[in-house]
$ cat run13.txt   # compact mmCIF, C-alpha atoms
# COMPACT_ATOMS: atom_id res chain seq x y z
CA VAL J 1 75.45 59.86 127.87
CA ASN J 2 79.07 58.73 127.99
CA ALA J 3 79.84 55.14 128.96
CA CYS J 4 82.84 52.90 128.41
CA VAL J 5 85.14 50.34 130.00
CA ASP J 6 87.95 51.91 132.01
CA VAL J 7 91.23 50.02 131.85
CA VAL J 8 93.15 51.18 134.91
CA LEU J 9 96.84 50.51 135.36
CA SER J 10 100.14 52.11 136.26
CA GLY J 11 101.17 54.54 133.51
CA VAL J 12 104.83 53.65 133.94
CA LYS J 13 104.04 49.91 133.63
CA LEU J 14 102.09 50.42 130.40
CA LEU J 15 104.77 52.62 128.84
CA GLU J 16 107.38 50.00 129.74
CA ALA J 17 105.19 47.23 128.28
CA LEU J 18 104.97 49.27 125.07
CA GLY J 19 108.77 49.52 125.05
CA LEU J 20 108.77 53.31 125.45
CA GLU J 21 111.80 55.01 127.02
CA PRO J 22 111.38 57.92 129.47
CA SER J 23 111.46 61.30 127.73
CA GLU J 24 111.05 65.04 128.32
CA GLY J 25 107.46 66.08 128.96
CA LYS J 26 105.50 67.95 126.30
CA ASN J 27 101.81 68.85 126.24
CA HIS J 28 99.75 67.69 123.22
CA ALA J 29 96.11 68.77 122.78
CA VAL J 30 95.51 65.62 120.70
CA LEU J 31 97.63 62.44 120.74
CA SER J 32 98.47 60.94 117.35
CA SER J 33 101.32 58.51 118.19
CA ARG J 34 103.07 56.59 120.97
CA GLN J 35 105.64 59.39 121.03
CA ASP J 36 102.90 61.96 121.79
CA LEU J 37 101.53 59.65 124.48
CA LYS J 38 104.78 59.32 126.39
CA GLU J 39 105.55 63.07 126.14
CA ALA J 40 102.08 64.10 127.34
CA PHE J 41 102.14 61.52 130.15
CA ALA J 42 105.54 62.82 131.35
CA HIS J 43 104.29 66.43 131.12
CA PHE J 44 101.32 65.85 133.44
CA MET J 45 103.05 63.35 135.73
CA GLU J 46 105.72 65.98 136.42
CA ARG J 47 102.96 68.39 137.51
CA GLY J 48 100.86 65.84 139.39
CA ALA J 49 97.89 67.05 137.32
CA ALA J 50 94.96 65.10 135.88
CA ALA J 51 94.35 65.33 132.13
CA GLU J 52 92.26 63.67 129.44
CA ARG J 53 93.19 63.48 125.75
CA PHE J 54 91.81 62.10 122.48
CA PHE J 55 94.01 59.61 120.57
CA SER J 56 93.40 60.22 116.87
CA ASP J 57 94.92 57.08 115.28
CA ALA J 58 92.32 54.29 115.61
CA GLU J 59 94.63 51.42 114.77
CA ALA J 60 97.49 52.56 117.00
CA PHE J 61 94.98 53.07 119.81
CA GLN J 62 93.51 49.54 119.42
CA ASP J 63 97.06 48.10 119.75
CA ILE J 64 97.77 50.11 122.91
CA ALA J 65 94.33 49.23 124.34
CA ARG J 66 94.95 45.53 123.73
CA THR J 67 98.35 45.67 125.48
CA ALA J 68 96.77 47.58 128.39
CA SER J 69 93.67 45.40 128.89
CA GLU J 70 95.73 42.17 128.75
CA HIS J 71 98.39 43.45 131.16
CA PRO J 72 98.38 41.31 134.35
CA ALA J 73 98.23 44.45 136.52
CA ALA J 74 95.27 45.98 134.63
CA GLN J 75 91.86 46.34 136.25
CA LEU J 76 88.66 46.75 134.24
CA TYR J 77 85.85 48.93 135.55
CA VAL J 78 82.72 50.74 134.49
CA GLY J 79 83.86 54.05 132.95
CA GLY J 80 82.49 57.29 131.53
CA ASN J 81 81.09 59.99 133.79
CA ALA J 82 77.47 59.08 133.02
CA ALA J 83 77.93 55.37 133.71
CA LEU J 84 79.97 56.09 136.86
CA ILE J 85 77.35 58.46 138.25
CA GLY J 86 74.68 55.85 137.37
CA GLN J 87 76.67 53.10 139.12
CA LYS J 88 77.11 55.27 142.22
CA LEU J 89 73.40 56.14 142.40
CA ALA J 90 72.49 52.47 141.79
CA THR J 91 74.13 51.47 145.09
CA ASN J 92 70.99 52.96 146.64
CA PRO J 93 68.54 50.01 146.50
CA ASP J 94 65.51 52.32 146.21
CA LEU J 95 66.67 53.89 142.94
CA LYS J 96 66.23 52.81 139.34
CA ILE J 97 68.75 54.30 136.91
CA LEU J 98 68.34 54.71 133.15
CA LEU J 99 71.70 54.76 131.37
CA CYS J 100 72.01 55.62 127.68
CA GLY J 101 75.56 55.41 126.50
CA PRO J 102 77.30 53.13 124.03
CA VAL J 103 77.13 49.91 126.07
CA GLY J 104 79.22 46.97 124.79
CA PRO J 105 79.20 43.38 126.17
CA LYS J 106 81.94 43.89 128.81
CA LEU J 107 80.37 47.08 130.14
CA HIS J 108 76.91 45.49 130.30
CA GLU J 109 78.33 42.69 132.42
CA LEU J 110 79.94 45.22 134.82
CA LEU J 111 76.82 47.37 135.36
CA ASP J 112 74.70 47.18 138.52
CA ASP J 113 71.34 45.37 138.24
CA ASN J 114 69.54 48.62 139.09
CA VAL J 115 70.87 50.20 135.89
CA VAL J 116 68.44 49.91 132.96
CA VAL J 117 69.96 50.08 129.44
CA PRO J 118 67.55 50.54 126.51
CA PRO J 119 68.20 48.08 123.62
CA GLU J 120 69.05 51.00 121.25
CA SER J 121 72.02 51.78 123.52
CA MET J 122 73.69 48.39 123.09
CA GLN J 123 76.60 47.96 120.67
CA GLU J 124 78.82 45.04 119.62
CA ARG J 125 82.15 46.51 120.71
CA ASP J 126 83.10 48.17 123.96
CA GLU J 127 84.65 51.63 124.01
CA PHE J 128 87.88 51.41 126.04
CA HIS J 129 89.36 54.35 127.96
CA LEU J 130 92.89 53.93 129.26
CA ILE J 131 93.62 55.39 132.67
CA LEU J 132 97.29 55.62 133.51
CA GLU J 133 97.77 56.15 137.22
CA TYR J 134 100.89 57.31 139.06
CA GLN J 135 101.61 57.64 142.77
CA ALA J 136 103.04 60.59 144.70
CA GLY J 137 106.84 60.40 144.53
CA GLU J 138 106.82 57.81 141.72
CA GLN J 139 109.62 58.23 139.17
CA TRP J 140 109.89 57.61 135.46
CA GLY J 141 113.30 58.58 134.14
CA ARG J 142 113.93 62.12 135.39
CA VAL J 143 110.25 62.82 136.03
CA ARG J 144 109.00 62.63 139.62
CA ALA J 145 105.30 62.97 140.45
CA PRO J 146 104.58 65.53 143.21
CA ALA J 147 101.11 64.01 143.80
CA ALA J 148 99.09 60.93 142.86
CA ASN J 149 96.91 61.43 139.80
CA ARG J 150 96.05 59.94 136.41
CA PHE J 151 96.29 60.56 132.69
CA ILE J 152 93.33 59.40 130.59
CA PHE J 153 93.14 58.86 126.83
CA SER J 154 90.85 57.15 124.33
CA HIS J 155 89.82 56.90 120.69
CA ASP J 156 86.13 57.02 121.35
CA LEU J 157 83.91 58.03 118.45
CA SER J 158 80.42 57.09 119.68
CA ASN J 159 80.80 58.97 122.97
CA GLY J 160 82.56 61.77 121.07
CA ALA J 161 79.53 62.27 118.83
CA LEU J 162 77.10 61.98 121.79
CA ASN J 163 75.47 59.21 119.73
CA MET J 164 73.05 58.20 122.47
CA LEU J 165 71.69 61.61 123.47
CA GLU J 166 68.50 61.40 121.37
CA VAL J 167 67.88 57.81 122.50
CA PHE J 168 68.23 59.08 126.06
CA VAL J 169 65.82 62.00 125.73
CA SER J 170 63.21 59.88 123.89
CA SER J 171 63.44 57.22 126.66
CA LEU J 172 62.55 59.76 129.37
CA ASP J 173 58.80 59.80 128.60
CA GLU J 174 58.45 56.17 129.57
CA PHE J 175 61.03 56.25 132.39
CA GLN J 176 59.60 59.37 134.12
CA PRO J 177 62.78 60.40 136.03
CA ASP J 178 63.01 62.59 139.13
CA LEU J 179 66.43 63.82 138.04
CA VAL J 180 68.42 63.93 134.80
CA VAL J 181 72.23 63.83 134.89
CA LEU J 182 74.11 64.73 131.71
CA SER J 183 77.79 64.34 130.94
CA GLY J 184 80.09 63.68 128.05
CA LEU J 185 80.20 67.08 126.30
CA HIS J 186 84.00 67.09 126.76
CA MET J 187 84.19 63.95 124.59
CA MET J 188 83.15 66.06 121.57
CA GLU J 189 86.58 67.71 121.43
CA GLY J 190 87.82 64.91 119.16
CA GLN J 191 85.37 66.08 116.46
CA SER J 192 86.01 68.69 113.76
CA LYS J 193 84.88 72.23 114.66
CA GLU J 194 81.95 72.15 112.20
CA MET J 195 80.76 68.72 113.33
CA ARG J 196 81.07 69.76 116.97
CA GLN J 197 79.13 72.98 116.47
CA ARG J 198 76.33 71.16 114.63
CA ARG J 199 76.19 68.39 117.24
CA LEU J 200 76.14 70.91 120.08
CA MET J 201 73.14 72.67 118.50
CA GLU J 202 71.36 69.29 118.18
CA ALA J 203 72.25 68.47 121.79
CA VAL J 204 70.82 71.80 122.94
CA ALA J 205 67.60 71.11 121.00
CA SER J 206 67.36 67.66 122.64
CA ILE J 207 68.06 68.95 126.14
CA SER J 208 65.42 71.66 125.59
CA ASP J 209 62.86 68.86 125.06
CA ILE J 210 63.34 67.58 128.63
CA PRO J 211 60.29 68.69 130.70
CA THR J 212 61.15 71.80 132.72
CA ASP J 213 59.96 70.31 136.03
CA ILE J 214 62.79 67.72 135.94
CA PRO J 215 66.03 69.11 137.40
CA ILE J 216 69.10 68.60 135.17
CA HIS J 217 72.68 68.26 136.45
CA LEU J 218 75.63 68.63 134.06
CA GLU J 219 78.96 67.05 135.01
CA LEU J 220 81.90 68.77 133.32
CA ALA J 221 85.30 67.17 132.62
CA SER J 222 88.76 68.07 131.35
CA MET J 223 88.75 70.20 128.17
CA THR J 224 91.32 72.02 126.02
CA ASP J 225 89.34 74.10 123.49
CA GLN J 226 88.44 77.52 124.92
CA ASP J 227 86.00 78.45 122.12
CA PHE J 228 84.04 75.24 122.67
CA MET J 229 83.92 75.83 126.44
CA SER J 230 82.78 79.40 125.82
CA ASN J 231 79.98 78.14 123.53
CA ILE J 232 78.78 75.64 126.14
CA MET J 233 78.74 78.37 128.75
CA HIS J 234 77.51 81.47 126.98
CA GLN J 235 75.07 80.52 124.35
CA GLN J 236 73.92 77.10 124.87
CA VAL J 237 74.09 74.60 127.66
CA PHE J 238 74.52 76.42 130.99
CA PRO J 239 71.13 78.22 130.86
CA LEU J 240 69.34 74.88 130.25
CA VAL J 241 70.68 73.03 133.30
CA ASN J 242 69.92 73.55 137.00
CA SER J 243 73.17 72.28 138.40
CA ILE J 244 76.84 71.81 137.43
CA GLY J 245 79.63 69.65 138.91
CA LEU J 246 83.29 70.47 138.26
CA ASN J 247 86.84 70.38 139.68
CA GLU J 248 89.62 72.97 139.95
CA GLN J 249 91.07 72.33 136.46
CA GLU J 250 87.67 72.79 134.83
CA LEU J 251 86.88 75.87 136.94
CA LEU J 252 90.10 77.63 135.95
CA PHE J 253 89.64 76.67 132.29
CA LEU J 254 86.12 78.07 132.42
CA THR J 255 87.16 81.50 133.69
CA GLN J 256 90.10 81.61 131.24
CA SER J 257 87.75 80.78 128.34
CA ALA J 258 85.35 83.61 129.19
CA SER J 259 87.77 86.19 130.67
CA GLY J 260 86.18 85.89 134.09
CA PRO J 261 87.74 86.75 137.47
CA HIS J 262 91.34 85.57 138.01
CA ALA J 263 91.51 84.53 134.32
CA SER J 264 95.19 85.59 134.20
CA LEU J 265 96.06 82.76 136.62
CA ALA J 266 97.88 80.21 134.43
CA SER J 267 97.54 77.26 136.84
CA TRP J 268 96.97 76.48 140.50
CA SER J 269 100.01 76.17 142.70
CA GLY J 270 99.22 73.63 145.40
CA ILE J 271 95.76 73.70 146.96
CA PRO J 272 93.45 76.09 145.07
CA ASP J 273 92.93 79.31 147.02
CA VAL J 274 89.40 79.31 148.51
CA GLY J 275 88.87 83.04 147.87
CA VAL J 276 89.84 82.72 144.20
CA VAL J 277 87.60 79.65 143.75
CA SER J 278 84.69 81.45 145.43
CA ASP J 279 85.06 84.53 143.21
CA ILE J 280 84.88 82.39 140.06
CA LEU J 281 81.91 80.32 141.33
CA PHE J 282 80.06 83.51 142.29
CA TRP J 283 80.77 85.03 138.84
CA ILE J 284 79.42 81.92 137.04
CA LEU J 285 76.10 82.17 138.88
CA LYS J 286 75.94 85.97 138.53
CA GLU J 287 76.80 85.94 134.81
CA HIS J 288 75.13 82.72 133.68
CA GLY J 289 72.81 81.68 136.52
CA LYS J 290 69.18 82.45 137.21
CA THR J 291 68.34 86.08 138.01
CA ALA J 292 65.13 88.11 137.76
CA GLU J 293 66.34 89.43 134.38
CA ARG J 294 67.87 86.27 132.89
CA ALA J 295 66.10 83.22 131.49
CA SER J 296 68.52 80.65 132.90
CA ASP J 297 67.80 77.63 135.08
CA LEU J 298 71.30 77.42 136.58
CA THR J 299 71.13 77.75 140.37
CA ARG J 300 73.66 75.26 141.78
CA ILE J 301 77.37 74.46 141.39
CA HIS J 302 79.13 71.62 143.21
CA PHE J 303 82.88 72.29 143.18
CA HIS J 304 85.31 69.58 144.28
CA THR J 305 89.07 69.58 144.67
CA LEU J 306 91.26 67.16 146.63
CA ALA J 307 91.38 69.17 149.87
CA TYR J 308 87.87 70.67 150.07
CA HIS J 309 84.46 71.00 148.39
CA ILE J 310 82.17 74.00 147.98
CA LEU J 311 78.46 73.85 147.13
CA VAL J 312 77.15 77.18 145.81
CA THR J 313 73.44 77.82 145.35
CA VAL J 314 71.18 80.72 144.36
CA ASP J 315 68.95 81.36 147.38
CA GLY J 316 65.42 79.98 147.24
CA HIS J 317 66.06 77.01 144.95
CA TRP J 318 67.85 74.33 146.98
CA GLY J 319 67.81 72.93 150.51
CA ASN J 320 69.89 70.55 152.64
CA GLN J 321 73.17 71.95 151.25
CA ALA J 322 75.23 71.24 154.40
CA ALA J 323 74.31 67.54 154.29
CA ALA J 324 74.87 67.39 150.51
CA VAL J 325 78.38 68.89 150.58
CA ALA J 326 79.32 66.73 153.60
CA ALA J 327 78.03 63.58 151.89
CA GLY J 328 80.16 64.37 148.83
CA ALA J 329 83.25 64.84 151.00
CA ARG J 330 82.57 61.59 152.83
CA ALA J 331 82.19 59.76 149.51
CA ALA J 332 85.60 61.09 148.44
CA GLY J 333 87.29 59.74 151.59
CA THR J 334 85.65 56.32 151.53
CA GLN J 335 85.87 55.66 147.80
CA ALA J 336 89.53 56.69 147.44
CA CYS J 337 90.47 54.42 150.35
CA ALA J 338 88.01 51.67 149.29
CA THR J 339 86.47 51.52 152.78
CA ASP J 340 82.76 51.53 153.73
CA THR J 341 83.16 54.26 156.32
CA ILE J 342 85.90 56.84 156.96
CA ASP J 343 88.87 55.10 158.57
CA THR J 344 90.66 57.87 160.51
CA SER J 345 93.99 56.05 160.37
CA LYS J 346 93.92 56.18 156.55
CA VAL J 347 93.03 59.83 155.99
CA PHE J 348 94.47 63.27 156.69
CA LEU J 349 93.43 66.93 156.43
CA LYS J 350 94.91 69.01 153.66
CA ALA J 351 92.39 71.87 153.65
CA PRO J 352 93.46 75.36 154.77
CA LEU J 353 92.40 75.87 158.40
CA GLU J 354 91.98 79.61 157.76
CA PHE J 355 91.02 81.35 154.53
CA VAL J 356 89.40 84.46 153.09
CA THR J 357 86.16 84.14 151.14
CA SER J 358 87.00 86.52 148.28
CA HIS J 359 89.76 88.52 146.59
CA THR J 360 87.51 90.83 144.58
CA GLU J 361 85.32 92.29 147.34
CA ALA J 362 85.70 92.91 151.07
CA PRO J 363 86.28 89.35 152.27
CA SER J 364 85.43 87.71 155.54
CA LYS J 365 88.11 85.58 157.16
CA ILE J 366 87.06 82.10 158.23
CA SER J 367 88.71 79.70 160.69
CA LEU J 368 87.64 76.06 160.55
CA ASN J 369 86.01 74.55 163.62
CA PRO J 370 86.41 70.73 163.68
CA ASP J 371 83.10 70.39 165.57
CA GLU J 372 81.22 72.13 162.74
CA PRO J 373 83.16 71.27 159.60
CA VAL J 374 80.63 72.72 157.15
CA VAL J 375 81.10 76.49 156.99
CA GLN J 376 78.70 78.78 155.21
CA TRP J 377 78.72 82.36 153.98
CA HIS J 378 76.54 84.51 151.71
CA ARG J 379 77.14 86.97 148.92
CA GLU J 380 74.35 88.88 147.12
CA GLY J 381 71.68 86.17 147.16
CA VAL J 382 74.14 83.30 146.74
CA SER J 383 74.97 80.81 149.53
CA PHE J 384 78.32 79.05 149.87
CA HIS J 385 78.74 75.80 151.83
CA PHE J 386 82.36 74.73 152.34
CA THR J 387 83.72 71.52 153.87
CA PRO J 388 87.24 70.09 154.16
CA VAL J 389 87.81 66.58 152.80
CA LEU J 390 89.39 63.75 154.76
CA VAL J 391 91.94 62.88 152.08
CA CYS J 392 92.99 59.26 151.66
CA LYS J 393 96.75 58.83 152.39
CA ASP J 394 97.23 55.92 149.98
CA PRO J 395 94.42 56.10 147.44
CA VAL J 396 93.39 52.73 146.05
CA ARG J 397 91.48 54.31 143.18
CA THR J 398 91.19 57.93 142.03
CA VAL J 399 89.12 57.35 138.89
CA GLY J 400 85.49 58.43 139.04
CA LEU J 401 86.00 60.22 142.34
CA GLY J 402 84.47 63.45 141.03
CA ASP J 403 81.50 61.49 139.67
CA ALA J 404 80.95 59.75 143.02
CA ILE J 405 81.17 63.10 144.82
CA SER J 406 78.64 64.77 142.51
CA ALA J 407 76.27 61.77 142.62
CA GLU J 408 76.32 61.62 146.41
CA GLY J 409 75.85 65.39 146.68
CA LEU J 410 72.82 65.19 144.36
CA LEU J 411 71.24 62.38 146.43
CA TYR J 412 71.24 64.63 149.49
CA SER J 413 70.21 67.82 147.69
CA GLU J 414 66.65 69.01 148.01
CA VAL J 415 65.33 70.92 145.02
CA TYR J 416 62.46 73.35 145.67
CA PRO J 417 59.69 73.19 143.05
CA GLN J 418 59.48 76.57 141.31
$ encode --input "run13.txt" --output "structure tokens"
Amino acid sequence: VNACVDVVLSGVKLLEALGLEPSEGKNHAVLSSRQDLKEAFAHFMERGAAAERFFSDAEAFQDIARTASEHPAAQLYVGGNAALIGQKLATNPDLKILLCGPVGPKLHELLDDNVVVPPESMQERDEFHLILEYQAGEQWGRVRAPAANRFIFSHDLSNGALNMLEVFVSSLDEFQPDLVVLSGLHMMEGQSKEMRQRRLMEAVASISDIPTDIPIHLELASMTDQDFMSNIMHQQVFPLVNSIGLNEQELLFLTQSASGPHASLASWSGIPDVGVVSDILFWILKEHGKTAERASDLTRIHFHTLAYHILVTVDGHWGNQAAAVAAGARAAGTQACATDTIDTSKVFLKAPLEFVTSHTEAPSKISLNPDEPVVQWHREGVSFHFTPVLVCKDPVRTVGLGDAISAEGLLYSEVYPQ
């Protein structure tokens, strides 16, 4: 239920256009000024890490957004995880997509014809999200980026309040979907704690109204509030959904928020260790997923990081996992390079060629075989499907990559009726 217009441009170019000098990096959970913006941008650029932040000053944000959207180097795209997943699915001519997010005039013009927007979802003004990209090795003052990534910020109140969730759920009766994809919970972090808690309870009530025979996928995104993440996981949202999509930042944040395995790890250094990732994924399904004793619907997690993807499923609920995880990896390689098929001259392998499958129990050691790139292993009724990604050497566009990966993986996933 989150939708917006993404304004994509070089972070360094925007900061220069705003007349901001390079400075020391400093993390800010919420941005309230241009000073906060440049410090937070430098902080994440120096680490080559993706991040997303709320900009609290509406007027200051409108000024920055105007400068960004009118910059000659700026590109305007469909944005918001929900709209991006909808756009990706809409490239399949046999699918009709219902999108309920705050849709302004510019966004409506950018959406695929296969995307249906109910009239209640339309609004007069677009919500803009600013996506500041930087390349590997790019410099700004003393800061040098070790990897290409992006820093995202917005002052987005309608997505932040999940304004369109009820419109969405009430539209399902008529639309009769085969699959529901939810995203945008992370946008609520800009709200006060009380407002957020109340809205989360209302969201849970709405999601509970979705007929149980329709599978629900939840796409997570960058968050900073551990209590809020813990609420989403423990009490409320995880048990209601069948499937989750997330990346390495979200996975680590999740285990830190709930004191799960490897929670003492402060951050990833380089490529996330496969064994560590597997332990956390296994724990999520064991602690919060469907078991004989637990009333939870969660049976699938699609994990994606730059170098590899893992699809984890509770046995007996999903089929075609090898094709699904491979399709997601292929989508990552083609979309980042903006090619229709994988161009071998433009991609390279970054995945570990050997790894262990766990650090908390007796692991098995796996060596990759290029002829069979999808590797699988099992652990107590849970299946893991791993594939390396052919990583684009010079990515044209990194935004929405996770959404494209999750959407493509869902298209190829077979859900068994229970």
$ atom_distance --input "run13.txt" --atom1 "CA of Gly190 (chain J)" --atom2 "CA of Ile85 (chain J)"
22.7 Å
$ residues_around --input "run13.txt" --residues "region 53-57 of chain J" --least-positions-apart "3" --cutoff "8 Å" --atoms "only C-alpha atoms" --output "list of chain:residue names"
J:Ala29, J:Val30, J:Leu31, J:Ser32, J:Ser33, J:Ala60, J:Phe61, J:Ile152, J:Phe153, J:Ser154, J:His155, J:Asp156, J:Glu189, J:Gly190
$ residues_around --input "run13.txt" --residues "Pro272 (chain J)" --least-positions-apart "3" --cutoff "10 Å" --atoms "all atoms listed in the file" --output "PyMOL selection string"
chain J and resi 248-249+252+267-269+275-277+305-308+351-352
$ closest_residue --input "run13.txt" --among "J:Val399, J:Leu281, J:Val12, J:Ala338" --to "Ser383 (chain J)" --atoms "only C-alpha atoms"
J:Leu281
$ axis_aligned_box --input "run13.txt" --around "region 5-19 of chain J" --padding-each-side "4 Å" --output "lines of an AutoDock Vina configuration file"
center_x = 97.0
center_y = 50.9
center_z = 130.7
size_x = 31.6
size_y = 15.3
size_z = 19.2
$ decode --input "run13.txt" --residues "region 374-391 of chain J" --atoms "C-alpha atoms" --output "compact mmCIF listing (two decimals), in the first residue's frame"
# COMPACT_ATOMS: atom_id res chain seq x y z
CA VAL J 374 20.73 -23.83 -7.18
CA VAL J 375 21.87 -25.72 -4.08
CA GLN J 376 19.48 -27.09 -1.52
CA TRP J 377 19.70 -28.40 2.02
CA HIS J 378 17.23 -29.28 4.80
CA ARG J 379 16.98 -28.64 8.50
CA GLU J 380 14.16 -29.97 10.72
CA GLY J 381 11.30 -29.72 8.22
CA VAL J 382 12.61 -26.55 6.58
CA SER J 383 14.08 -26.47 3.03
CA PHE J 384 16.74 -24.01 1.90
CA HIS J 385 17.31 -23.16 -1.78
CA PHE J 386 20.44 -21.08 -2.44
CA THR J 387 21.62 -19.50 -5.69
CA PRO J 388 24.48 -17.13 -6.53
CA VAL J 389 23.58 -13.91 -8.35
CA LEU J 390 25.24 -12.72 -11.55
CA VAL J 391 26.01 -9.24 -10.25
